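Raw contents of my_file-v8.csv, CSV, C-alpha atoms:
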chain,number,residue,atom,x,y,z
A,28,MET,CA,0.0,0.0,0.0
A,29,ILE,CA,2.8,2.4,0.9
A,30,SER,CA,4.7,1.5,-2.3
A,31,TYR,CA,1.5,2.1,-4.3
A,32,LEU,CA,1.0,5.5,-2.6
A,33,VAL,CA,4.6,6.6,-3.2
A,34,LEU,CA,4.3,5.5,-6.9
A,35,HIS,CA,1.0,7.4,-7.2
A,36,ILE,CA,2.6,10.6,-5.8
A,37,LEU,CA,5.6,10.3,-8.2
A,38,ILE,CA,3.3,9.9,-11.2
A,39,VAL,CA,1.2,12.9,-10.2
A,40,ALA,CA,4.3,15.0,-9.6
A,41,ALA,CA,5.7,14.0,-13.0
A,42,ILE,CA,2.4,15.0,-14.7
A,43,VAL,CA,2.4,18.3,-12.9
A,44,ILE,CA,6.0,19.1,-13.7
A,45,GLY,CA,5.6,17.9,-17.3
A,46,SER,CA,2.5,20.1,-17.7
A,47,GLU,CA,4.3,23.2,-16.3
A,48,PHE,CA,7.3,22.4,-18.6
A,49,PHE,CA,5.3,22.2,-21.8
A,50,ASP,CA,3.2,25.2,-20.9
A,51,THR,CA,6.4,27.2,-20.7
A,52,HIS,CA,8.3,25.5,-23.6
A,53,ASP,CA,6.3,24.4,-26.6
A,54,ASP,CA,8.3,21.9,-28.5
A,55,ALA,CA,7.2,23.2,-31.9
A,56,GLU,CA,8.3,26.8,-30.9
A,57,VAL,CA,11.7,25.6,-29.7
A,58,ASP,CA,12.2,23.8,-33.0
A,59,ARG,CA,11.2,26.9,-34.9
A,60,ILE,CA,13.8,29.0,-33.0
A,61,LEU,CA,16.5,26.4,-33.5
A,62,LYS,CA,15.8,26.2,-37.3
A,63,ARG,CA,15.9,30.0,-37.5
A,64,VAL,CA,19.1,30.6,-35.6
A,65,ASN,CA,21.1,27.5,-36.7
A,66,LYS,CA,21.9,27.8,-40.4
A,67,PRO,CA,23.4,24.9,-42.5
A,68,PRO,CA,27.2,25.1,-41.9
A,69,LEU,CA,30.0,24.8,-44.4
A,70,LYS,CA,32.1,23.5,-41.5
A,71,SER,CA,31.7,22.9,-37.8
A,72,ILE,CA,34.4,23.3,-35.1
A,73,LYS,CA,34.2,21.9,-31.6
A,74,SER,CA,35.6,24.2,-28.9
A,75,PRO,CA,37.5,22.9,-25.9
A,76,ASP,CA,34.7,24.2,-23.7
A,77,GLY,CA,32.0,22.1,-25.5
A,78,ASP,CA,30.6,24.8,-27.8
A,79,ILE,CA,30.0,24.0,-31.5
A,80,ILE,CA,31.0,26.8,-33.8
A,81,ASP,CA,29.3,26.6,-37.2
A,82,CYS,CA,30.9,28.3,-40.2
A,83,ILE,CA,28.0,29.9,-42.1
A,84,HIS,CA,28.3,31.0,-45.7
A,85,MET,CA,27.7,34.7,-46.2
A,86,LYS,CA,24.7,34.0,-48.5
A,87,ASP,CA,23.0,32.5,-45.5
A,88,HIS,CA,23.9,35.4,-43.2
A,89,PRO,CA,21.3,35.8,-40.4
A,90,ILE,CA,20.7,39.4,-41.3
A,91,TYR,CA,18.6,38.2,-44.3
A,92,ASP,CA,16.1,36.7,-41.8
A,93,ASN,CA,15.0,40.3,-41.1
A,94,PRO,CA,12.4,41.6,-43.6
A,95,LEU,CA,14.1,45.0,-43.5
A,96,PHE,CA,17.2,43.4,-45.1
A,97,LYS,CA,16.0,41.0,-47.8
A,98,ASN,CA,18.0,42.7,-50.6
A,99,TYR,CA,20.6,44.1,-48.4
A,100,THR,CA,24.3,44.6,-49.4
A,101,ILE,CA,26.5,43.8,-46.4
A,102,GLN,CA,29.2,46.4,-45.7
A,103,MET,CA,32.4,44.4,-45.3
A,104,ARG,CA,34.7,47.1,-43.9
A,105,PRO,CA,34.1,50.5,-42.2
A,106,SER,CA,34.5,53.4,-44.6
A,107,SER,CA,36.9,55.1,-42.1
A,108,TYR,CA,38.2,55.1,-38.6
A,109,PRO,CA,37.9,57.7,-35.9
A,110,LYS,CA,40.9,60.1,-36.1
A,111,GLU,CA,43.8,59.2,-33.8
A,112,LEU,CA,42.3,55.8,-33.2
A,113,ASN,CA,45.3,53.7,-32.2
A,114,MET,CA,45.5,50.8,-34.6
A,115,LYS,CA,48.8,49.5,-33.1
A,116,SER,CA,49.6,47.8,-29.8
A,117,SER,CA,52.7,47.0,-28.0
A,118,ALA,CA,54.0,43.5,-27.6
A,119,ASN,CA,53.0,43.5,-23.9
A,120,GLU,CA,49.5,44.7,-24.8
A,121,LYS,CA,49.1,41.9,-27.5
A,122,GLN,CA,50.2,39.2,-24.9
A,123,SER,CA,47.5,40.5,-22.5
A,124,THR,CA,44.7,40.6,-25.1
A,125,VAL,CA,42.3,37.7,-24.8
A,126,THR,CA,41.4,35.4,-27.7
A,127,GLN,CA,38.6,32.8,-28.2
A,128,LEU,CA,38.9,29.2,-27.2
A,129,TRP,CA,37.4,27.7,-30.3
A,130,THR,CA,40.2,29.1,-32.5
A,131,ILE,CA,42.5,26.5,-31.0
A,132,ASN,CA,40.8,23.8,-33.0
A,133,GLY,CA,40.4,25.4,-36.4
A,134,LYS,CA,39.2,28.3,-38.4
A,135,CYS,CA,36.3,29.1,-40.8
A,136,PRO,CA,36.8,29.1,-44.6
A,137,LYS,CA,36.7,32.2,-46.7
A,138,ASN,CA,33.3,33.9,-47.3
A,139,SER,CA,31.9,32.5,-44.1
A,140,ILE,CA,31.3,33.7,-40.5
A,141,PRO,CA,31.6,31.7,-37.2
A,142,ILE,CA,28.3,31.4,-35.3
A,143,ARG,CA,28.0,29.7,-31.9
A,144,ARG,CA,25.4,26.9,-32.3
A,145,THR,CA,22.3,27.3,-30.2
A,146,LYS,CA,21.3,24.0,-28.6
A,147,ARG,CA,17.8,23.0,-27.3
A,148,ARG,CA,19.0,23.2,-23.7
A,149,ASP,CA,20.1,26.8,-24.3
A,150,ILE,CA,16.5,27.8,-25.0
A,151,LEU,CA,15.0,25.6,-22.2
A,152,ARG,CA,17.2,27.3,-19.6
A,153,THR,CA,15.5,30.6,-20.2
A,154,ARG,CA,12.3,29.2,-18.5
A,155,SER,CA,10.2,31.2,-21.0
A,156,ILE,CA,10.5,31.2,-24.8
A,157,LYS,CA,9.1,34.7,-24.9
A,158,LYS,CA,12.1,35.9,-22.8
A,159,TYR,CA,14.7,34.0,-24.9
A,160,GLY,CA,17.5,36.4,-25.9
A,161,ARG,CA,16.0,39.4,-24.1
A,162,LYS,CA,17.5,41.6,-21.3
A,163,ASN,CA,15.7,43.2,-18.5
A,164,PRO,CA,15.6,47.1,-18.6
A,165,ASN,CA,18.6,49.0,-17.4
A,166,ILE,CA,16.6,50.5,-14.5
A,167,ILE,CA,19.2,53.1,-13.2
A,168,HIS,CA,18.1,55.6,-15.8
A,169,HIS,CA,14.5,55.7,-14.5
A,170,PRO,CA,14.5,55.4,-10.7
A,171,LYS,CA,10.7,55.5,-10.6
A,172,LEU,CA,10.7,52.1,-12.3
A,173,PHE,CA,12.4,50.6,-9.2
A,174,ASN,CA,10.0,48.3,-7.3
A,175,SER,CA,11.1,47.1,-3.9
A,176,THR,CA,8.9,44.0,-4.2
A,177,SER,CA,10.6,42.9,-7.5
A,178,ASN,CA,12.2,39.5,-7.6
A,179,SER,CA,15.4,41.0,-9.0
A,180,ILE,CA,17.4,44.2,-9.0
A,181,HIS,CA,20.1,45.3,-11.5
A,182,GLU,CA,23.1,46.8,-9.7
A,183,TYR,CA,25.9,48.9,-11.2
A,184,ALA,CA,29.3,50.5,-10.7
A,185,GLN,CA,29.8,52.8,-13.7
A,186,ILE,CA,31.3,56.0,-15.2
A,187,GLN,CA,28.7,57.9,-17.2
A,188,VAL,CA,29.1,60.9,-19.5
A,189,LYS,CA,26.5,62.9,-21.4
A,190,GLY,CA,26.9,64.9,-24.6
A,191,LYS,CA,26.9,64.3,-28.3
A,192,PHE,CA,29.0,61.4,-29.5
A,193,HIS,CA,29.9,59.2,-32.4
A,194,GLY,CA,31.3,56.4,-30.3
A,195,ALA,CA,33.5,55.4,-27.4
A,196,GLN,CA,36.3,53.0,-26.5
A,197,ALA,CA,38.0,51.4,-23.5
A,198,VAL,CA,40.3,48.5,-22.6
A,199,ILE,CA,38.2,46.2,-20.4
A,200,ASN,CA,39.9,43.9,-17.9
A,201,VAL,CA,38.6,40.3,-17.9
A,202,TRP,CA,37.9,38.1,-14.9
A,203,LYS,CA,35.9,35.0,-14.1
A,204,PRO,CA,33.5,36.3,-11.3
A,205,TYR,CA,31.6,33.9,-9.0
A,206,VAL,CA,27.9,34.0,-9.8
A,207,GLN,CA,25.6,32.7,-7.0
A,208,MET,CA,22.6,31.6,-9.0
A,209,THR,CA,22.4,30.3,-12.6
A,210,LYS,CA,19.8,32.9,-13.5
A,211,GLU,CA,22.0,35.8,-12.2
A,212,PHE,CA,24.8,37.3,-14.3
A,213,SER,CA,27.9,39.4,-13.9
A,214,LEU,CA,29.2,41.6,-16.8
A,215,ALA,CA,31.6,44.4,-17.8
A,216,GLN,CA,30.6,46.4,-20.8
A,217,MET,CA,30.2,49.7,-22.6
A,218,TRP,CA,26.8,51.3,-23.3
A,219,VAL,CA,26.3,53.7,-26.2
A,220,MET,CA,22.8,55.3,-25.9
A,221,ALA,CA,20.4,57.8,-27.2
A,222,GLY,CA,16.8,58.8,-26.6
A,223,PRO,CA,14.4,58.9,-23.6
A,224,PHE,CA,14.3,55.8,-21.3
A,225,SER,CA,10.9,54.6,-22.5
A,226,GLU,CA,12.2,54.2,-26.0
A,227,VAL,CA,16.0,54.3,-25.5
A,228,ASN,CA,18.3,53.1,-28.3
A,229,SER,CA,21.2,51.2,-26.7
A,230,ILE,CA,24.1,49.2,-28.2
A,231,GLU,CA,26.3,47.3,-25.7
A,232,ALA,CA,29.4,45.2,-25.8
A,233,GLY,CA,31.8,43.5,-23.4
A,234,TRP,CA,32.1,40.2,-21.5
A,235,GLN,CA,29.7,38.4,-19.2
A,236,VAL,CA,29.3,35.3,-17.1
A,237,TYR,CA,25.7,34.0,-17.4
A,238,HIS,CA,25.0,30.4,-16.8
A,239,ASP,CA,21.4,30.4,-17.9
A,240,ARG,CA,22.3,31.8,-21.2
A,241,TYR,CA,25.5,29.8,-22.0
A,242,GLY,CA,25.3,26.7,-19.8
A,243,ASP,CA,28.5,27.3,-17.9
A,244,ASP,CA,30.4,29.9,-15.9
A,245,ASN,CA,33.0,31.0,-18.5
A,246,PRO,CA,33.3,34.7,-19.4
A,247,ARG,CA,32.2,35.3,-22.9
A,248,TYR,CA,32.3,38.1,-25.4
A,249,PHE,CA,28.8,39.4,-26.0
A,250,ILE,CA,26.7,42.2,-27.5
A,251,PHE,CA,23.2,43.5,-26.9
A,252,TRP,CA,21.0,46.0,-28.6
A,253,THR,CA,17.6,47.5,-28.2
A,254,ALA,CA,15.8,50.2,-30.2
A,255,ASP,CA,12.7,50.7,-28.0
A,256,GLY,CA,13.6,50.8,-24.3
A,257,TYR,CA,14.3,47.1,-23.9
A,258,LYS,CA,10.9,46.0,-25.1
A,259,SER,CA,12.7,44.2,-27.9
A,260,GLY,CA,16.2,43.7,-29.1
A,261,CYS,CA,18.5,40.8,-28.1
A,262,TYR,CA,21.8,39.3,-27.2
A,263,ASN,CA,24.4,38.4,-29.8
A,264,LEU,CA,22.6,36.9,-32.9
A,265,ASP,CA,19.4,35.7,-31.1
A,266,CYS,CA,17.5,38.0,-33.4
A,267,SER,CA,18.4,39.6,-36.8
A,268,GLY,CA,20.0,43.0,-36.3
A,269,PHE,CA,23.7,42.9,-35.8
A,270,VAL,CA,25.8,42.1,-38.9
A,271,PRO,CA,28.9,40.0,-38.1
A,272,ILE,CA,31.5,40.1,-40.9
A,273,ASN,CA,34.6,38.6,-39.2
A,274,GLN,CA,35.8,35.2,-40.2
A,275,LYS,CA,37.7,34.6,-36.9
A,276,PHE,CA,35.4,36.0,-34.2
A,277,ALA,CA,32.2,34.4,-32.8
A,278,LEU,CA,29.8,36.3,-30.6
A,279,GLY,CA,29.0,34.4,-27.4
A,280,ALA,CA,32.2,32.4,-27.5
A,281,ALA,CA,34.3,31.9,-24.4
A,282,VAL,CA,37.5,33.9,-23.8
A,283,SER,CA,40.7,31.9,-23.6
A,284,ASN,CA,42.4,33.7,-20.7
A,285,VAL,CA,41.2,35.4,-17.6
A,286,SER,CA,43.0,37.6,-15.0
A,287,THR,CA,44.1,36.1,-11.7
A,288,TYR,CA,44.5,37.8,-8.3
A,289,ASN,CA,48.0,39.1,-7.9
A,290,GLY,CA,48.8,37.5,-11.3
A,291,HIS,CA,48.7,38.2,-15.0
A,292,GLN,CA,46.0,40.6,-16.2
A,293,TYR,CA,44.1,40.1,-19.4
A,294,HIS,CA,41.8,42.5,-21.2
A,295,ILE,CA,39.6,43.3,-24.3
A,296,PRO,CA,40.2,46.5,-26.1
A,297,THR,CA,36.7,47.5,-27.3
A,298,THR,CA,35.6,50.3,-29.7
A,299,ILE,CA,32.1,51.2,-30.9
A,300,TRP,CA,31.8,54.1,-33.5
A,301,LYS,CA,29.5,55.5,-36.1
A,302,ASP,CA,30.6,55.2,-39.7
A,303,PRO,CA,30.4,58.7,-41.1
A,304,HIS,CA,29.3,57.5,-44.6
A,305,SER,CA,26.9,54.6,-43.9
A,306,GLY,CA,25.8,55.7,-40.4
A,307,ASN,CA,26.2,52.1,-39.3
A,308,TRP,CA,27.6,51.5,-35.7
A,309,TRP,CA,30.8,49.4,-35.9
A,310,LEU,CA,32.2,47.2,-33.2
A,311,LYS,CA,35.9,46.3,-32.9
A,312,PHE,CA,37.2,43.9,-30.2
A,313,THR,CA,40.9,43.7,-29.6
A,314,ASP,CA,43.1,46.1,-31.7
A,315,HIS,CA,42.5,44.5,-35.1
A,316,GLU,CA,39.2,42.5,-35.2
A,317,PHE,CA,36.3,44.3,-36.8
A,318,VAL,CA,33.5,42.1,-35.6
A,319,GLY,CA,30.6,43.7,-37.5
A,320,TYR,CA,28.1,46.5,-37.1
A,321,TRP,CA,24.6,47.5,-36.1
A,322,PRO,CA,22.8,49.0,-39.3
A,323,SER,CA,21.7,52.5,-38.8
A,324,ILE,CA,18.2,51.6,-40.0
A,325,LEU,CA,17.6,49.7,-36.7
A,326,PHE,CA,17.5,53.0,-34.7
A,327,ASN,CA,15.7,56.3,-34.6
A,328,HIS,CA,17.6,58.2,-31.9
A,329,LEU,CA,21.1,56.7,-32.6
A,330,LYS,CA,20.8,57.7,-36.2
A,331,ASP,CA,21.8,61.2,-35.1
A,332,GLY,CA,24.5,60.0,-32.7
A,333,ALA,CA,24.7,59.0,-29.1
A,334,THR,CA,23.8,61.3,-26.2
A,335,GLN,CA,25.2,59.1,-23.3
A,336,ILE,CA,28.1,56.7,-22.9
A,337,GLN,CA,28.6,54.4,-19.9
A,338,TRP,CA,31.4,52.1,-18.9
A,339,GLY,CA,31.3,49.7,-16.0
A,340,GLY,CA,30.0,46.6,-14.3
A,341,GLU,CA,26.5,45.2,-13.8
A,342,ILE,CA,25.1,42.3,-11.9
A,343,ILE,CA,21.6,41.0,-11.3
A,344,ASN,CA,20.5,40.3,-7.7
A,345,PHE,CA,17.7,37.8,-7.2
A,346,LYS,CA,17.8,38.3,-3.4
A,347,ASP,CA,17.7,34.6,-2.6
A,348,SER,CA,16.2,34.1,0.9
A,349,SER,CA,15.6,37.9,0.9
A,350,ARG,CA,19.3,38.5,1.3
A,351,HIS,CA,21.7,40.3,-1.1
A,352,THR,CA,23.4,38.0,-3.6
A,353,THR,CA,27.0,36.9,-3.2
A,354,THR,CA,27.6,37.3,-6.9
A,355,ASP,CA,30.9,39.0,-7.7
A,356,MET,CA,31.2,42.1,-9.9
A,357,GLY,CA,34.5,42.3,-11.7
A,358,SER,CA,37.1,40.4,-9.7
A,359,GLY,CA,34.9,40.2,-6.6
A,360,HIS,CA,37.2,42.7,-4.9
A,361,PHE,CA,36.5,46.4,-4.1
A,362,ALA,CA,38.0,49.2,-6.2
A,363,ASP,CA,40.2,50.4,-3.4
A,364,GLU,CA,42.4,47.2,-3.7
A,365,GLY,CA,43.8,48.4,-7.0
A,366,TYR,CA,45.8,46.7,-9.8
A,367,GLN,CA,46.0,42.9,-9.9
A,368,LYS,CA,43.2,42.7,-7.3
A,369,ALA,CA,40.3,44.8,-8.5
A,370,SER,CA,38.9,44.8,-12.0
A,371,TYR,CA,39.5,47.9,-14.2
A,372,PHE,CA,38.6,49.8,-17.4
A,373,LYS,CA,41.4,51.9,-18.8
A,374,ASN,CA,42.0,54.3,-21.7
A,375,LEU,CA,38.5,55.6,-21.7
A,376,GLU,CA,37.8,57.8,-24.7
A,377,ALA,CA,34.7,59.2,-26.4
A,378,ILE,CA,34.5,59.9,-30.1
A,379,ASP,CA,33.0,63.3,-30.9
A,380,GLU,CA,30.7,64.5,-33.7
A,381,HIS,CA,33.8,65.3,-35.8
A,382,ASP,CA,34.9,61.6,-35.4
A,383,ILE,CA,37.9,62.6,-33.3
A,384,LYS,CA,38.9,60.8,-30.1
A,385,ILE,CA,38.5,63.0,-27.0
A,386,LYS,CA,38.9,62.5,-23.3
A,387,PRO,CA,35.4,62.3,-21.7
A,388,LYS,CA,34.5,65.5,-19.9
A,389,GLU,CA,32.2,66.0,-16.9
A,390,GLY,CA,31.7,62.3,-16.3
A,391,TYR,CA,30.4,61.1,-13.0
A,392,SER,CA,30.4,57.8,-11.1
A,393,TYR,CA,27.3,55.8,-10.3
A,394,MET,CA,27.0,53.0,-7.7
A,395,THR,CA,23.7,51.3,-6.9
A,396,GLN,CA,25.0,50.2,-3.4
A,397,GLU,CA,28.5,51.3,-2.6
A,398,GLY,CA,28.7,48.8,0.2
A,399,CYS,CA,28.2,46.0,-2.3
A,400,TYR,CA,30.1,47.2,-5.4
A,401,ASN,CA,32.1,50.4,-5.7
A,402,ILE,CA,34.2,52.4,-8.2
A,403,ARG,CA,37.2,54.7,-8.0
A,404,SER,CA,38.4,56.7,-11.1
A,405,ALA,CA,41.8,58.3,-11.8
A,406,TYR,CA,44.0,59.6,-14.6
A,407,ASN,CA,47.7,59.1,-15.5
A,408,ASN,CA,49.7,59.3,-18.8
A,409,LEU,CA,49.9,55.5,-19.3
A,410,TRP,CA,46.3,54.5,-18.6
A,411,GLY,CA,44.6,57.8,-19.4
A,412,ILE,CA,41.2,58.1,-17.8
A,413,HIS,CA,40.6,54.8,-16.0
A,414,PHE,CA,38.8,53.2,-13.0
A,415,PHE,CA,38.8,50.2,-10.7
A,416,TYR,CA,35.4,48.8,-9.8
A,417,GLY,CA,33.6,45.8,-8.3
A,418,GLY,CA,33.0,44.0,-5.1
A,419,PRO,CA,31.8,40.7,-3.5
A,420,GLY,CA,28.2,41.4,-3.1
A,421,ARG,CA,26.8,40.4,0.3
A,422,ASN,CA,29.0,41.4,3.3
A,423,GLN,CA,28.7,43.3,6.6
A,424,LYS,CA,27.9,46.5,4.7
A,425,CYS,CA,25.7,44.8,2.1
A,426,ILE,CA,22.9,42.7,3.4
For the structure just supplied, provide its representation as structure tokens.
Amino acid sequence: MISYLVLHILIVAAIVIGSEFFDTHDDAEVDRILKRVNKPPLKSIKSPDGDIIDCIHMKDHPIYDNPLFKNYTIQMRPSSYPKELNMKSSANEKQSTVTQLWTINGKCPKNSIPIRRTKRRDILRTRSIKKYGRKNPNIIHHPKLFNSTSNSIHEYAQIQVKGKFHGAQAVINVWKPYVQMTKEFSLAQMWVMAGPFSEVNSIEAGWQVYHDRYGDDNPRYFIFWTADGYKSGCYNLDCSGFVPINQKFALGAAVSNVSTYNGHQYHIPTTIWKDPHSGNWWLKFTDHEFVGYWPSILFNHLKDGATQIQWGGEIINFKDSSRHTTTDMGSGHFADEGYQKASYFKNLEAIDEHDIKIKPKEGYSYMTQEGCYNIRSAYNNLWGIHFFYGGPGRNQKCI
């Protein structure tokens, strides 16, 4: 009788769980997404971290999935570069610049681009198909949207500057932060933005650790964009918008080296700028890899240039057991600890309306909760405008 009762309970539980699962994840919809994002490859490369990188012919480029770009001619190179943009790097800088793990095992053929294959479990981890590829709003720009009863809070340590810009750049230090829950993330990035919050245009690039998105805790290169205040838009190539053109660089792929405490420091030089002829917003990771661009037609406000630049760290705090998360930002150490201990951004520069690099003026620091994550900025001749930032999350001053 007891055995029968236990069996009956297990069956009922399975039915309930199965019902909830299929309510959230319709198999046909998952298949539709997989078919859309995974194109027939010319070649596939297995990365040491388990990723599959598919080499997709340019004629099957994902931008053609977007009705706006059916007869679109892809721009293969930027028409020009911002004046004084440093296209050279020292030997030490090159040794400290991170690469991608998958390139150890091969490269894509000519006239193809590498795309990280999306697997069924990648979609199922999102818990909701409707939310696949989306990002919650960057709430710091609109304090009235803050809701103390919310299940999650985005927290920041940033430098922000306002004005009229055609781009920005920085060298972003790379770490592998601890992230407490799989649905939380920790990232370091640049934001290039324009427009009021309710319909903000934002293009974003950097690195992040996000288990629910990638299935592991490796830091990964990523991008994000929205044209309507985060109502739509997506990560990487989860929707048609960004146009990758680089044969050697896959968005969402894991970085090969990360910084260590009191040890070697690795970083990603990152530049976003507006092409003066096409109006497209180009992305360059490292000192020589033109990754691709966001077409100007995607945006209304950014068509005229950016009005705000942000550099810094972000985490999401799900307040498990009503306590602050222990998720690290940056290295997990406060800014005051400095080099080889705290994470940093260095050589911060904006690109003005004349496409000339300038030092950001009248910038200011923003910290959601200084006791959890903080930031300290400075200037010197070698690193230019720079800052250390980060923290461990929950501690005696952060509960």
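Minimum atom-to-atom distance to His88 of chain A, evaluated using all atoms listed in the file, belongs to A:Ile140 out of A:Ile140, A:Met103, A:Ala215, A:Ile342.
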Residues within 12 Å of segment 287-296 of chain A, only C-alpha atoms, excluding chain neighbours under 6 positions, as a PyMOL selection string | chain A and resi 112-116+119-127+195-204+215-217+232-234+246-249+310-317+357-360+364-376
Long-range neighbours of segment 70-76 of chain A as a PyMOL selection string, 7 Å cut-off, all atoms listed in the file, 5 positions minimum in chain | chain A and resi 81-82+128-129+132-133
Show me the residues close to (16.0, 46.9, -27.6) - anything with an atom within 10 Å, counting all atoms listed in the file - and format the list as a short mmCIF file (atom, residue, chain, number, x, y, z; two decimals) with C-alpha atoms, in the frame of the given file.
data_model
loop_
_atom_site.label_atom_id
_atom_site.label_comp_id
_atom_site.auth_asym_id
_atom_site.auth_seq_id
_atom_site.Cartn_x
_atom_site.Cartn_y
_atom_site.Cartn_z
CA ARG A 161 16.00 39.40 -24.10
CA LYS A 162 17.50 41.60 -21.30
CA ASN A 163 15.70 43.20 -18.50
CA PRO A 164 15.60 47.10 -18.60
CA GLU A 226 12.20 54.20 -26.00
CA VAL A 227 16.00 54.30 -25.50
CA ASN A 228 18.30 53.10 -28.30
CA SER A 229 21.20 51.20 -26.70
CA ILE A 230 24.10 49.20 -28.20
CA PHE A 251 23.20 43.50 -26.90
CA TRP A 252 21.00 46.00 -28.60
CA THR A 253 17.60 47.50 -28.20
CA ALA A 254 15.80 50.20 -30.20
CA ASP A 255 12.70 50.70 -28.00
CA GLY A 256 13.60 50.80 -24.30
CA TYR A 257 14.30 47.10 -23.90
CA LYS A 258 10.90 46.00 -25.10
CA SER A 259 12.70 44.20 -27.90
CA GLY A 260 16.20 43.70 -29.10
CA CYS A 261 18.50 40.80 -28.10
CA TYR A 262 21.80 39.30 -27.20
CA LEU A 325 17.60 49.70 -36.70
CA PHE A 326 17.50 53.00 -34.70
#
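Take atom CA of Trp308 of chain A and atom CA of Asn245 of chain A: the distance between them is 27.3 Å.
The gap separating atom CA of Tyr406 of chain A from atom CA of Gly390 of chain A is 12.7 Å, in Å to one decimal.
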Do you know which residues are at most 8 Å from Pro89 of chain A counting all atoms listed in the file, after dropping those on the same chain fewer than 5 positions away, and could you put them as a PDB file with C-alpha atoms, keeping the file's coordinate frame?
ATOM      1  CA  VAL A  64      19.100  30.600 -35.600  1.00  0.00           C
ATOM      2  CA  LEU A 264      22.600  36.900 -32.900  1.00  0.00           C
ATOM      3  CA  SER A 267      18.400  39.600 -36.800  1.00  0.00           C
ATOM      4  CA  VAL A 270      25.800  42.100 -38.900  1.00  0.00           C
TER       5      VAL A 270
END
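Residue nearest Phe415 of chain A within the list A:Glu389, A:Glu211, A:Asp331, A:Asp363: A:Asp363 [criterion: smallest interatomic distance, all atoms listed in the file].
Computed from the coordinates, the atom CA of Phe224 of chain A to atom CA of Trp309 of chain A distance equals 22.9 Å.
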Residues within 7 Å of Gln335 of chain A, only C-alpha atoms, excluding chain neighbours under 5 positions, as an MDAnalysis selection string = chainID A and resid 188:190 219:221
Please provide the set of residues having any atom within 10 Å of Arg148 of chain A, restricted to all atoms listed in the file, with same-chain residues fewer than 6 positions apart removed, written as JSON, numbers by chain.
-> {"A": [57, 239, 240, 241, 242]}
Store the residues picked out above, limited to C-alpha atoms, as a PDB file, keeping the file's coordinate frame.
ATOM      1  CA  VAL A  57      11.700  25.600 -29.700  1.00  0.00           C
ATOM      2  CA  ASP A 239      21.400  30.400 -17.900  1.00  0.00           C
ATOM      3  CA  ARG A 240      22.300  31.800 -21.200  1.00  0.00           C
ATOM      4  CA  TYR A 241      25.500  29.800 -22.000  1.00  0.00           C
ATOM      5  CA  GLY A 242      25.300  26.700 -19.800  1.00  0.00           C
TER       6      GLY A 242
END
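When only C-alpha atoms are used to measure the gap to Cys425 of chain A, the shortest distance among A:Phe345, A:Phe269, A:Tyr400, A:Phe96 belongs to A:Tyr400.
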